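**Q** Enclosed is the structure file entry.txt (compact mmCIF, C-alpha atoms).
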# COMPACT_ATOMS: atom_id res chain seq x y z
CA MET A 17 -39.00 9.61 -36.14
CA ALA A 18 -40.74 6.65 -34.49
CA GLY A 19 -37.34 4.92 -34.26
CA GLY A 20 -35.97 7.92 -32.35
CA MET A 21 -38.85 7.68 -29.96
CA LYS A 22 -38.22 4.04 -29.32
CA GLY A 23 -34.54 4.72 -28.62
CA ILE A 24 -35.34 7.48 -26.15
CA LYS A 25 -37.88 5.28 -24.41
CA GLN A 26 -35.29 2.56 -24.01
CA ARG A 27 -32.77 4.97 -22.58
CA ILE A 28 -35.28 6.26 -20.05
CA LYS A 29 -35.95 2.70 -19.02
CA SER A 30 -32.28 1.89 -18.55
CA VAL A 31 -31.59 5.09 -16.60
CA ARG A 32 -34.56 4.32 -14.41
CA SER A 33 -33.34 0.84 -13.61
CA THR A 34 -29.86 2.16 -12.81
CA MET A 35 -31.49 4.69 -10.54
CA GLN A 36 -33.29 1.92 -8.70
CA ILE A 37 -29.94 0.32 -7.94
CA THR A 38 -28.25 3.52 -6.84
CA LYS A 39 -31.28 4.36 -4.71
CA ALA A 40 -31.09 0.98 -2.99
CA MET A 41 -27.34 1.37 -2.46
CA GLU A 42 -27.90 4.79 -0.98
CA LEU A 43 -30.42 3.42 1.51
CA VAL A 44 -28.17 0.54 2.50
CA ALA A 45 -25.20 2.88 2.90
CA SER A 46 -27.18 5.30 5.06
CA SER A 47 -28.32 2.61 7.44
CA LYS A 48 -24.82 1.14 7.67
CA LEU A 49 -23.45 4.64 8.10
CA ARG A 50 -25.68 5.28 11.08
CA ARG A 51 -24.40 2.21 12.89
CA ALA A 52 -20.78 2.78 11.90
CA LYS A 53 -20.97 6.35 13.09
CA GLU A 54 -22.26 5.31 16.48
CA ARG A 55 -19.45 2.80 16.77
CA VAL A 56 -16.84 5.42 15.95
CA GLU A 57 -18.28 7.78 18.52
CA ARG A 58 -18.41 5.08 21.20
CA SER A 59 -14.86 3.96 20.61
CA ARG A 60 -13.13 7.33 20.43
CA PRO A 61 -12.66 7.90 24.20
CA TYR A 62 -10.74 4.62 24.43
CA PHE A 63 -8.38 5.42 21.56
CA GLU A 64 -7.80 8.96 22.63
CA GLY A 65 -7.12 7.85 26.20
CA MET A 66 -4.78 5.15 25.00
CA ALA A 67 -2.84 7.45 22.68
CA ALA A 68 -2.49 10.13 25.36
CA LEU A 69 -1.34 7.60 27.94
CA MET A 70 1.26 6.02 25.68
CA ASN A 71 2.62 9.40 24.73
CA SER A 72 2.96 10.42 28.35
CA ILE A 73 4.62 7.16 29.41
CA GLY A 74 6.88 7.45 26.39
CA ALA A 75 7.75 10.97 27.45
CA LYS A 76 9.14 9.59 30.71
CA GLY A 77 11.97 8.34 28.59
CA ASN A 78 12.92 4.71 28.55
CA ASP A 79 15.01 2.65 26.21
CA SER A 80 12.12 0.58 24.90
CA VAL A 81 12.62 -0.86 21.45
CA TYR A 82 9.29 0.76 20.53
CA LEU A 83 10.66 4.23 21.13
CA ARG A 84 14.08 3.88 19.62
CA GLN A 85 14.50 5.52 16.24
CA ARG A 86 16.66 3.40 14.01
CA PRO A 87 17.90 3.86 10.45
CA VAL A 88 15.00 3.08 8.15
CA LYS A 89 15.61 0.34 5.63
CA HIS A 90 12.08 -0.99 5.34
CA SER A 91 8.79 0.67 6.15
CA LEU A 92 5.61 -1.22 6.84
CA PHE A 93 2.36 0.35 5.72
CA ILE A 94 -0.98 -0.99 6.90
CA VAL A 95 -3.38 0.30 4.26
CA MET A 96 -7.10 0.24 4.95
CA ALA A 97 -9.69 0.62 2.20
CA GLY A 98 -13.15 -0.69 1.42
CA ASP A 99 -14.46 -4.05 0.28
CA ARG A 100 -16.32 -2.53 -2.66
CA GLY A 101 -16.09 0.32 -5.09
CA LEU A 102 -18.81 2.81 -6.00
CA ALA A 103 -17.91 4.99 -3.07
CA GLY A 104 -16.71 8.10 -4.87
CA GLY A 105 -13.05 8.84 -4.26
CA TYR A 106 -12.90 6.84 -1.04
CA ASN A 107 -10.62 4.01 -2.12
CA SER A 108 -8.49 6.01 -4.53
CA GLY A 109 -8.01 8.74 -1.92
CA ALA A 110 -6.48 6.29 0.53
CA PHE A 111 -4.30 4.70 -2.16
CA LYS A 112 -3.10 8.06 -3.37
CA LEU A 113 -2.01 9.07 0.12
CA ALA A 114 -0.33 5.69 0.61
CA ARG A 115 1.53 6.08 -2.69
CA GLN A 116 2.82 9.50 -1.70
CA ALA A 117 3.94 8.22 1.68
CA MET A 118 5.69 5.21 0.19
CA GLU A 119 7.68 7.23 -2.31
CA GLY A 120 11.39 6.66 -1.96
CA LYS A 121 10.90 3.99 0.69
CA ASN A 122 11.21 0.25 0.68
CA ALA A 123 7.57 -0.33 1.34
CA LEU A 124 6.02 -3.45 2.81
CA VAL A 125 2.25 -3.61 2.87
CA PHE A 126 -0.50 -5.17 4.95
CA ALA A 127 -3.72 -4.68 3.04
CA VAL A 128 -7.07 -4.44 4.82
CA GLY A 129 -10.25 -4.47 2.74
CA ARG A 130 -10.81 -6.25 -0.57
CA LYS A 131 -10.05 -3.18 -2.69
CA ALA A 132 -6.73 -2.69 -0.91
CA VAL A 133 -5.83 -6.34 -1.47
CA GLU A 134 -6.62 -5.94 -5.19
CA GLU A 135 -4.64 -2.71 -5.41
CA TYR A 136 -1.47 -4.20 -3.97
CA SER A 137 -1.62 -7.60 -5.63
CA LYS A 138 -1.79 -6.17 -9.16
CA GLU A 139 0.49 -7.87 -11.63
CA GLY A 140 3.36 -6.26 -13.48
CA ARG A 141 4.75 -4.11 -10.74
CA GLY A 142 8.32 -2.87 -10.87
CA PRO A 143 11.12 -3.93 -8.51
CA GLY A 144 10.64 -0.82 -6.35
CA ALA A 145 6.96 -1.54 -5.87
CA PRO A 146 5.49 -2.15 -2.43
CA ARG A 147 5.61 -5.77 -1.31
CA LEU A 148 2.32 -7.23 -0.11
CA LEU A 149 2.94 -9.38 2.95
CA HIS A 150 -0.37 -9.93 4.65
CA THR A 151 -4.01 -9.41 3.81
CA LEU A 152 -7.28 -9.10 5.65
CA PRO A 153 -9.75 -9.18 2.79
CA GLU A 154 -12.86 -8.09 4.64
CA ILE A 155 -12.93 -4.85 6.55
CA ALA A 156 -16.67 -5.25 7.15
CA GLY A 157 -15.85 -8.41 9.13
CA VAL A 158 -13.88 -6.46 11.72
CA GLN A 159 -16.41 -6.33 14.52
CA THR A 160 -14.31 -6.34 17.67
CA ALA A 161 -10.74 -5.43 18.49
CA SER A 162 -9.83 -9.10 18.82
CA ASP A 163 -10.54 -9.57 15.09
CA LEU A 164 -7.32 -7.64 14.58
CA ASP A 165 -5.23 -9.78 16.95
CA GLU A 166 -3.39 -11.42 14.12
CA LEU A 167 -2.75 -8.28 12.10
CA ALA A 168 -1.48 -6.38 15.14
CA SER A 169 0.77 -9.15 16.41
CA LEU A 170 2.24 -9.67 12.93
CA ALA A 171 2.99 -5.98 12.58
CA LEU A 172 4.71 -6.00 15.98
CA GLN A 173 6.65 -9.09 15.03
CA TYR A 174 7.96 -7.49 11.84
CA TYR A 175 8.97 -4.49 13.85
CA THR A 176 10.72 -6.31 16.68
CA ASP A 177 12.43 -8.74 14.29
CA GLY A 178 13.93 -5.78 12.47
CA GLU A 179 12.24 -6.57 9.17
CA ALA A 180 10.45 -3.25 9.31
CA ASP A 181 11.99 -0.22 10.96
CA GLU A 182 8.85 1.86 11.10
CA VAL A 183 5.14 1.12 10.89
CA TYR A 184 2.47 3.40 9.46
CA VAL A 185 -1.24 3.03 9.11
CA VAL A 186 -3.15 4.63 6.23
CA TYR A 187 -6.86 5.01 6.88
CA THR A 188 -9.68 7.43 6.22
CA ARG A 189 -10.69 9.58 9.13
CA PHE A 190 -14.40 10.11 9.54
CA LEU A 191 -14.97 13.83 10.05
CA ASN A 192 -18.71 13.74 9.42
CA SER A 193 -21.13 12.09 7.03
CA LEU A 194 -20.07 14.35 4.17
CA HIS A 195 -16.36 14.74 4.85
CA GLN A 196 -13.74 12.04 5.18
CA LYS A 197 -10.03 12.59 5.17
CA PRO A 198 -7.36 10.07 4.16
CA THR A 199 -4.88 10.02 7.02
CA LEU A 200 -1.37 8.73 7.55
CA GLN A 201 -0.43 7.85 11.12
CA LYS A 202 2.86 6.61 12.42
CA LEU A 203 2.39 3.66 14.75
CA LEU A 204 5.96 2.68 15.55
CA PRO A 205 8.37 3.79 16.80
CA LEU A 206 6.32 6.06 19.03
CA ALA A 207 7.15 9.72 18.90
CA GLY A 208 7.74 9.85 22.66
CA ALA A 209 7.99 13.25 24.32
CA GLN A 210 5.68 15.88 22.95
CA ASP A 211 5.67 19.45 24.11
CA GLY A 212 2.77 20.89 26.00
CA GLU A 213 1.19 17.55 26.69
CA GLU A 214 -0.16 17.00 30.15
CA GLY A 215 1.33 13.79 31.46
CA PRO A 216 1.17 12.04 34.79
CA GLY A 217 3.05 13.88 37.50
CA GLU A 218 6.56 13.16 38.69
CA LEU A 219 5.23 11.20 41.65
CA THR A 220 3.34 8.63 39.61
CA ILE A 221 4.25 5.08 40.54
CA TYR A 222 4.90 2.80 37.61
CA ASP A 223 4.43 -0.82 38.53
CA PRO A 224 7.05 -2.24 38.06
CA SER A 225 8.75 0.43 35.88
CA PRO A 226 7.84 2.84 33.07
CA GLY A 227 9.66 0.71 30.52
CA ALA A 228 7.98 -2.52 31.59
CA VAL A 229 4.50 -0.99 31.62
CA PHE A 230 5.18 0.55 28.25
CA ASP A 231 6.28 -2.70 26.66
CA ALA A 232 3.38 -4.62 28.19
CA VAL A 233 0.79 -2.18 26.88
CA ILE A 234 2.25 -1.77 23.38
CA PRO A 235 0.42 -4.76 21.84
CA GLU A 236 -2.83 -3.44 23.26
CA TYR A 237 -2.03 0.00 21.95
CA VAL A 238 -1.25 -1.17 18.43
CA LYS A 239 -4.37 -3.31 18.28
CA GLY A 240 -6.46 -0.47 19.66
CA ILE A 241 -5.17 2.07 17.16
CA LEU A 242 -5.69 -0.35 14.26
CA PHE A 243 -9.21 -1.15 15.39
CA GLY A 244 -9.95 2.55 15.69
CA ALA A 245 -8.59 3.12 12.20
CA ALA A 246 -10.74 0.28 10.84
CA CYS A 247 -13.87 1.74 12.48
CA GLU A 248 -13.11 5.16 11.06
CA SER A 249 -12.42 3.76 7.60
CA PHE A 250 -15.60 1.72 7.56
CA ALA A 251 -17.73 4.69 8.58
CA SER A 252 -15.96 6.84 5.98
CA GLU A 253 -16.63 4.27 3.28
CA GLN A 254 -20.34 4.27 4.03
CA GLY A 255 -20.41 8.06 4.13
CA ALA A 256 -18.56 8.34 0.83
CA ARG A 257 -20.82 5.76 -0.79
CA ARG A 258 -23.96 7.46 0.38
CA THR A 259 -22.79 10.79 -1.01
CA ALA A 260 -21.76 9.19 -4.30
CA MET A 261 -25.07 7.39 -4.65
CA GLU A 262 -27.00 10.50 -3.76
CA SER A 263 -25.38 12.43 -6.59
CA ALA A 264 -25.85 9.47 -8.93
CA ASN A 265 -29.55 9.58 -8.09
CA ASP A 266 -29.72 13.29 -8.75
CA ASN A 267 -27.98 12.82 -12.07
CA ALA A 268 -30.32 10.03 -13.05
CA LYS A 269 -33.34 12.15 -12.17
CA GLU A 270 -32.04 14.99 -14.29
CA MET A 271 -31.34 12.66 -17.20
CA ILE A 272 -34.82 11.19 -17.02
CA GLU A 273 -36.31 14.68 -17.06
CA THR A 274 -34.31 15.72 -20.11
CA LEU A 275 -35.02 12.46 -21.91
CA SER A 276 -38.75 12.71 -21.14
CA LEU A 277 -38.75 16.19 -22.63
CA HIS A 278 -37.05 14.89 -25.78
CA TYR A 279 -39.45 11.99 -25.90
CA ASN A 280 -42.52 14.23 -25.66
CA ARG A 281 -41.17 16.55 -28.31
CA ALA A 282 -40.48 13.65 -30.60
CA ARG A 283 -43.95 12.25 -29.95
CA GLN A 284 -45.58 15.60 -30.64
CA SER A 285 -43.70 16.20 -33.84
CA ALA A 286 -44.53 12.68 -34.97
CA ILE A 287 -48.25 13.34 -34.38
CA THR A 288 -48.04 16.72 -36.09
CA GLN A 289 -46.36 15.11 -39.04
CA GLU A 290 -48.99 12.39 -39.24
CA ILE A 291 -51.82 14.94 -39.17
CA THR A 292 -50.10 17.00 -41.83
CA GLU A 293 -49.78 13.91 -43.97
CA ILE A 294 -53.42 12.92 -43.48
CA VAL A 295 -54.65 16.42 -44.20
CA ALA A 296 -52.43 16.68 -47.24
CA GLY A 297 -53.67 13.28 -48.40
CA ALA A 298 -57.30 14.26 -47.88
CA ASN A 299 -56.83 17.53 -49.71
CA ALA A 300 -55.17 15.75 -52.56
CA SER A 301 -57.96 13.18 -52.92
CA ARG A 302 -60.67 15.90 -52.76
CA GLY A 303 -58.85 17.81 -55.42
CA GLU A 304 -59.14 14.91 -57.90
CA MET B 88 -16.80 4.86 52.62
CA ALA B 89 -14.83 7.34 50.60
CA GLU B 90 -15.38 7.08 46.89
CA PHE B 91 -13.37 7.62 43.75
CA VAL B 92 -14.41 7.90 40.12
CA LEU B 93 -13.90 4.74 38.12
CA THR B 94 -14.01 4.75 34.33
CA ILE B 95 -13.58 1.59 32.31
CA LEU B 96 -13.24 2.23 28.58
CA THR B 97 -13.15 -0.37 25.84
CA PRO B 98 -13.10 -0.03 22.05
CA ASP B 99 -16.82 -0.87 22.15
CA GLY B 100 -17.59 2.09 24.36
CA ALA B 101 -17.59 3.07 28.02
CA PHE B 102 -18.15 -0.11 30.04
CA PHE B 103 -18.41 1.54 33.44
CA GLU B 104 -18.47 5.12 34.57
CA GLY B 105 -19.25 6.17 38.10
CA PRO B 106 -18.30 6.24 41.75
CA ALA B 107 -16.78 3.19 43.41
CA GLU B 108 -15.43 2.47 46.87
CA HIS B 109 -12.95 -0.24 46.15
CA ALA B 110 -11.70 -1.92 42.98
CA VAL B 111 -9.32 -4.83 42.40
CA PHE B 112 -7.55 -5.51 39.12
CA ARG B 113 -4.95 -8.02 38.05
CA THR B 114 -1.78 -6.34 36.82
CA THR B 115 1.34 -7.93 35.40
CA GLU B 116 2.71 -7.77 38.95
CA GLY B 117 -0.30 -9.29 40.72
CA ASP B 118 -3.65 -8.16 42.08
CA VAL B 119 -3.86 -4.49 42.98
CA GLY B 120 -6.64 -3.02 45.12
CA ILE B 121 -7.52 0.63 44.75
CA LEU B 122 -9.20 2.73 47.43
CA ALA B 123 -10.07 6.40 47.36
CA GLY B 124 -7.06 8.68 47.63
CA HIS B 125 -4.67 6.21 46.05
CA ALA B 126 -1.33 7.60 44.92
CA ASP B 127 -0.89 8.27 41.20
CA TYR B 128 -0.22 4.89 39.69
CA ILE B 129 0.12 3.23 36.27
CA ALA B 130 0.31 -0.50 35.56
CA ALA B 131 -0.40 -2.90 32.72
CA LEU B 132 -3.25 -5.38 33.11
CA ILE B 133 -3.40 -8.99 32.03
CA SER B 134 -6.47 -11.09 31.34
CA GLY B 135 -7.92 -11.67 34.79
CA PRO B 136 -10.75 -11.12 37.24
CA MET B 137 -11.80 -7.74 38.60
CA LYS B 138 -13.92 -6.69 41.54
CA VAL B 139 -15.71 -3.38 41.95
CA LYS B 140 -17.31 -2.40 45.26
CA ARG B 141 -20.23 0.01 45.22
CA GLN B 142 -22.58 0.73 48.09
CA GLY B 143 -20.99 -1.93 50.19
CA SER B 144 -21.16 -4.87 47.80
CA PHE B 145 -18.72 -6.27 45.28
CA ARG B 146 -19.54 -6.97 41.68
CA ARG B 147 -17.23 -9.35 39.88
CA GLY B 148 -16.14 -9.30 36.29
CA ALA B 149 -13.38 -10.09 33.85
CA VAL B 150 -10.93 -7.69 32.16
CA HIS B 151 -8.81 -8.73 29.21
CA GLY B 152 -5.58 -6.86 28.85
CA GLY B 153 -5.07 -3.15 29.00
CA VAL B 154 -3.81 -0.53 31.34
CA LEU B 155 -4.78 0.89 34.73
CA LYS B 156 -4.17 4.52 35.59
CA VAL B 157 -4.81 6.35 38.85
CA HIS B 158 -4.51 10.11 38.74
CA ASP B 159 -6.06 12.69 41.01
CA ASN B 160 -8.52 10.24 42.64
CA LYS B 161 -9.74 9.23 39.17
CA VAL B 162 -9.18 5.66 38.10
CA THR B 163 -9.17 4.90 34.40
CA VAL B 164 -8.98 1.41 32.94
CA LEU B 165 -8.41 1.02 29.22
CA ALA B 166 -9.18 -2.59 28.35
CA SER B 167 -9.61 -4.40 25.05
CA ALA B 168 -12.61 -6.24 26.48
CA CYS B 169 -14.48 -6.23 29.76
CA GLU B 170 -17.59 -7.95 31.11
CA TRP B 171 -19.48 -8.57 34.33
CA ALA B 172 -19.48 -12.13 35.61
CA ASP B 173 -23.28 -12.41 35.42
CA GLU B 174 -23.23 -11.37 31.75
CA ILE B 175 -20.71 -13.92 30.58
CA ASP B 176 -21.95 -16.58 28.21
CA VAL B 177 -20.59 -19.72 29.87
CA GLU B 178 -21.39 -21.99 26.93
CA ARG B 179 -19.54 -19.71 24.57
CA ALA B 180 -16.53 -19.52 26.86
CA ARG B 181 -16.46 -23.33 27.06
CA ARG B 182 -16.57 -23.58 23.27
CA ALA B 183 -13.77 -21.02 22.98
CA GLU B 184 -11.71 -22.99 25.49
CA GLN B 185 -12.20 -26.19 23.50
CA GLN B 186 -11.33 -24.48 20.21
CA ALA B 187 -8.22 -22.90 21.67
CA ARG B 188 -7.03 -26.25 23.04
CA GLU B 189 -7.57 -27.90 19.66
CA GLN B 190 -5.63 -25.14 17.90
CA MET B 191 -2.81 -25.44 20.40
CA ALA B 192 -2.60 -29.15 19.70
CA VAL B 193 -2.25 -28.47 15.96
CA TYR B 194 0.16 -25.55 16.08
CA THR B 195 2.79 -26.29 18.67
CA SER B 196 4.62 -23.02 18.22
CA GLY B 197 4.65 -19.69 16.46
CA LYS B 198 2.07 -17.02 15.93
CA GLU B 199 -0.96 -19.33 15.74
CA PHE B 200 0.03 -20.92 19.01
CA ASP B 201 0.37 -17.54 20.70
CA LEU B 202 -3.03 -16.44 19.44
CA ALA B 203 -4.63 -19.69 20.59
CA GLN B 204 -2.94 -19.37 23.95
CA ALA B 205 -4.25 -15.84 24.42
CA LYS B 206 -7.71 -17.09 23.47
CA LEU B 207 -7.46 -19.92 25.99
CA LYS B 208 -6.40 -17.49 28.68
CA ARG B 209 -9.41 -15.29 28.01
CA ALA B 210 -11.76 -18.26 28.05
CA LEU B 211 -10.33 -19.57 31.31
CA THR B 212 -10.59 -16.13 32.92
CA ARG B 213 -14.24 -15.97 31.91
CA LEU B 214 -14.95 -19.43 33.27
CA ARG B 215 -13.13 -18.68 36.49
CA VAL B 216 -15.01 -15.48 37.30
CA THR B 217 -18.36 -17.12 36.67
CA GLY B 218 -17.32 -19.94 38.96
CA ALA B 219 -18.08 -22.49 36.24
Please lay out the structure from this file as structure tokens.

**A**
Amino acid sequence: MAGGMKGIKQRIKSVRSTMQITKAMELVASSKLRRAKERVERSRPYFEGMAALMNSIGAKGNDSVYLRQRPVKHSLFIVMAGDRGLAGGYNSGAFKLARQAMEGKNALVFAVGRKAVEEYSKEGRGPGAPRLLHTLPEIAGVQTASDLDELASLALQYYTDGEADEVYVVYTRFLNSLHQKPTLQKLLPLAGAQDGEEGPGELTIYDPSPGAVFDAVIPEYVKGILFGAACESFASEQGARRTAMESANDNAKEMIETLSLHYNRARQSAITQEITEIVAGANASRGE
Amino acid sequence: MAEFVLTILTPDGAFFEGPAEHAVFRTTEGDVGILAGHADYIAALISGPMKVKRQGSFRRGAVHGGVLKVHDNKVTVLASACEWADEIDVERARRAEQQAREQMAVYTSGKEFDLAQAKLKRALTRLRVTGA
């Protein structure tokens, strides 16, 4: 029985030390989450304004290469995930969505975040598997939009060179601290005219022309959208990690409670047994 | 003087929001000055200086790329970066200029060259608006 007690004691100790780690991770994630959330909220007006503007200029109709739909031979996916695991279903959610979107397509991949790089550089992939072309191994290092200069200009280059006929971004939209949604967004070619959208009036002057303005702003637009997606993904990762760590903590607490109960029972029964033995021994010796 | 509402948004948040009397931005076609009651207008911006007049005096700054939109006496600038001249770190801009020139000497063409060139342009704009 004493051996059982020792085992239980050891388990309690190990659960407790795991809990210390998950607790620390939870605290770190919550403080990062706070900052990431503020950043997402600050940046949203810019992205929304940019997207609305591009749609309305696109709706004017011009023959920009960025609006033209062409037969799709290759599709470029920019997949954003985290740098670390232990964030619940955060990484796998994004990969699952990406996998669904890539089905039946000749997929090319730009991976952002260490986990995404790992996912797409796995060995032993079939011939139809997505081809990893470019990596940005640290999503946490994306602090300003200009950190994505290279990624954005490469994506544009693939598109204009005809090596990719459409460009998507897969990221995780930050709905709130508890809910994040993997999202697929088409970057290029732009959808152009959309019904019911309020665009600039007929009398708007485009300097020098709608097409020229459109083409000049496209790099900015792509970079902006990618930066927005990176901000959203980073905030989502922290949110997902905090939730995951919170439930890990709760589980650990529950386990410790149950184990303590077992431990106390074992201790009590050991004492009872000892007393019984002593009493029996005493009785036996008196009886002689 | 008549006023209009100027909003400058960047990915890092709203840089400026409020009434202005006169604003000058550098578009792909040259400098464009906006006064209240300007016709609806859209143009792309390049990295260059800007001027904003409020209560009779101009404040200078730098805008790096983006788009300018005038609609209904509201002026919106979406820029990837924006700063006032008096908030620019001159030392940092000098270092960036140096770095960009070094990179351009190493890569004489291609993507790296383009990135370095864009970086140089931003650094030079910053230095120019501070008068350094």

**Q** With all atoms listed in the file considered, list every residue of chain A at most 10 Å from chain B, as a PyMOL selection string.

**A** chain A and resi 54-63+65-66+69+73+159-162+165-166+169-170+173+216-226+228-237+239-241+243-244+247

**Q** Smallest atom-to-atom distance to Glu119 of chain A: which of A:Ile94, A:Leu191, A:Ala145, A:Met35, using all atoms listed in the file?

**A**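 Of all the options, A:Ala145 lies closest to Glu119 of chain A.
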
**Q** What lies within 12 Å of Arg86 of chain A using all atoms listed in the file, ignoring chain neighbours under 4 positions off, as a PDB file with C-alpha atoms, in the coordinates of the input?

**A**
ATOM      1  CA  VAL A  81      12.620  -0.860  21.450  1.00  0.00           C
ATOM      2  CA  TYR A  82       9.290   0.760  20.530  1.00  0.00           C
ATOM      3  CA  HIS A  90      12.080  -0.990   5.340  1.00  0.00           C
ATOM      4  CA  SER A  91       8.790   0.670   6.150  1.00  0.00           C
ATOM      5  CA  TYR A 175       8.970  -4.490  13.850  1.00  0.00           C
ATOM      6  CA  THR A 176      10.720  -6.310  16.680  1.00  0.00           C
ATOM      7  CA  GLY A 178      13.930  -5.780  12.470  1.00  0.00           C
ATOM      8  CA  GLU A 179      12.240  -6.570   9.170  1.00  0.00           C
ATOM      9  CA  ALA A 180      10.450  -3.250   9.310  1.00  0.00           C
ATOM     10  CA  ASP A 181      11.990  -0.220  10.960  1.00  0.00           C
ATOM     11  CA  GLU A 182       8.850   1.860  11.100  1.00  0.00           C
ATOM     12  CA  LEU A 204       5.960   2.680  15.550  1.00  0.00           C
ATOM     13  CA  PRO A 205       8.370   3.790  16.800  1.00  0.00           C
ATOM     14  CA  LEU A 206       6.320   6.060  19.030  1.00  0.00           C
TER      15      LEU A 206
END

**Q** Could you work out how far atom CA of Tyr184 of chain A lies from atom CA of Arg147 of chain A, giving the answer in Å with one decimal?

**A**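 About the pair atom CA of Arg147 of chain A and atom CA of Tyr184 of chain A: they are 14.5 Å apart.
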
**Q** Separation of atom CA of Glu248 of chain A and atom CA of Glu262 of chain A, in Å?

**A** 21.0 Å

**Q** For a quick check of understanding, using only C-alpha atoms, which of A:Val128, A:Val185, A:Ala97, A:Ala256 has the smallest distance to Lys48 of chain A?

**A**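 Of the candidates, the smallest distance to Lys48 of chain A is held by A:Ala256.
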
**Q** Would you list the residues near (-3.5, -27.8, 22.4) (no more than 12 Å away, in the coordinates of the file, using only C-alpha atoms) as a PyMOL selection string?

**A** chain B and resi 184-196+199-204+206-207

**Q** At a cut-off of 9 Å, using all atoms listed in the file, what residues contact Arg146 of chain B? Leave out same-chain residues fewer than 4 positions from it and give the result as a list in words.

**A** Met137, Lys138, Val139, Lys140, Arg141, Trp171 and Ala172 of chain B

**Q** Next, dump the selected residues to file, keeping only C-alpha atoms, as a compact mmCIF listing (two decimals), in the coordinates of the input.

**A**
# COMPACT_ATOMS: atom_id res chain seq x y z
CA MET B 137 -11.80 -7.74 38.60
CA LYS B 138 -13.92 -6.69 41.54
CA VAL B 139 -15.71 -3.38 41.95
CA LYS B 140 -17.31 -2.40 45.26
CA ARG B 141 -20.23 0.01 45.22
CA TRP B 171 -19.48 -8.57 34.33
CA ALA B 172 -19.48 -12.13 35.61

**Q** Nearest to Asp176 of chain B: which of B:Val92, B:Pro136, B:Arg213, B:Gly120 is it, counting all atoms listed in the file?

**A**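 Answer, going by the shortest atom-to-atom distance: B:Arg213.
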
**Q** Using Å and a single decimal, report how far atom CA of Ile272 of chain A sits from atom CA of Met21 of chain A.

**A** 14.0 Å

**Q** Box in all listed atoms of segment 269-278 of chain A, axis-aligned, with 5 Å more on each side; write out centre and edge lengths in Å to one decimal as lines of an AutoDock Vina configuration file.

**A**
center_x = -35.0
center_y = 13.7
center_z = -19.0
size_x = 17.4
size_y = 15.0
size_z = 23.6

**Q** Any idea what's packed within 8 Å of segment 214-217 of chain B, counting all atoms listed in the file, ignoring anything in its chain fewer than 5 positions away? Could you give it as a ChimeraX atom specification?

**A** /B:136,147-149,172-173,175,177,180-181

**Q** Using only C-alpha atoms, which residues sit within 10 Å of Gln142 of chain B once same-chain residues fewer than 5 positions away are excluded, as an MDAnalysis selection string?

**A** chainID B and resid 88 90 106:109

**Q** Within 6 Å of Val150 of chain B, counting all atoms listed in the file, which residues qualify if same-chain residues fewer than 4 places away don't, as a ChimeraX atom specification?

**A** /B:134-135,169
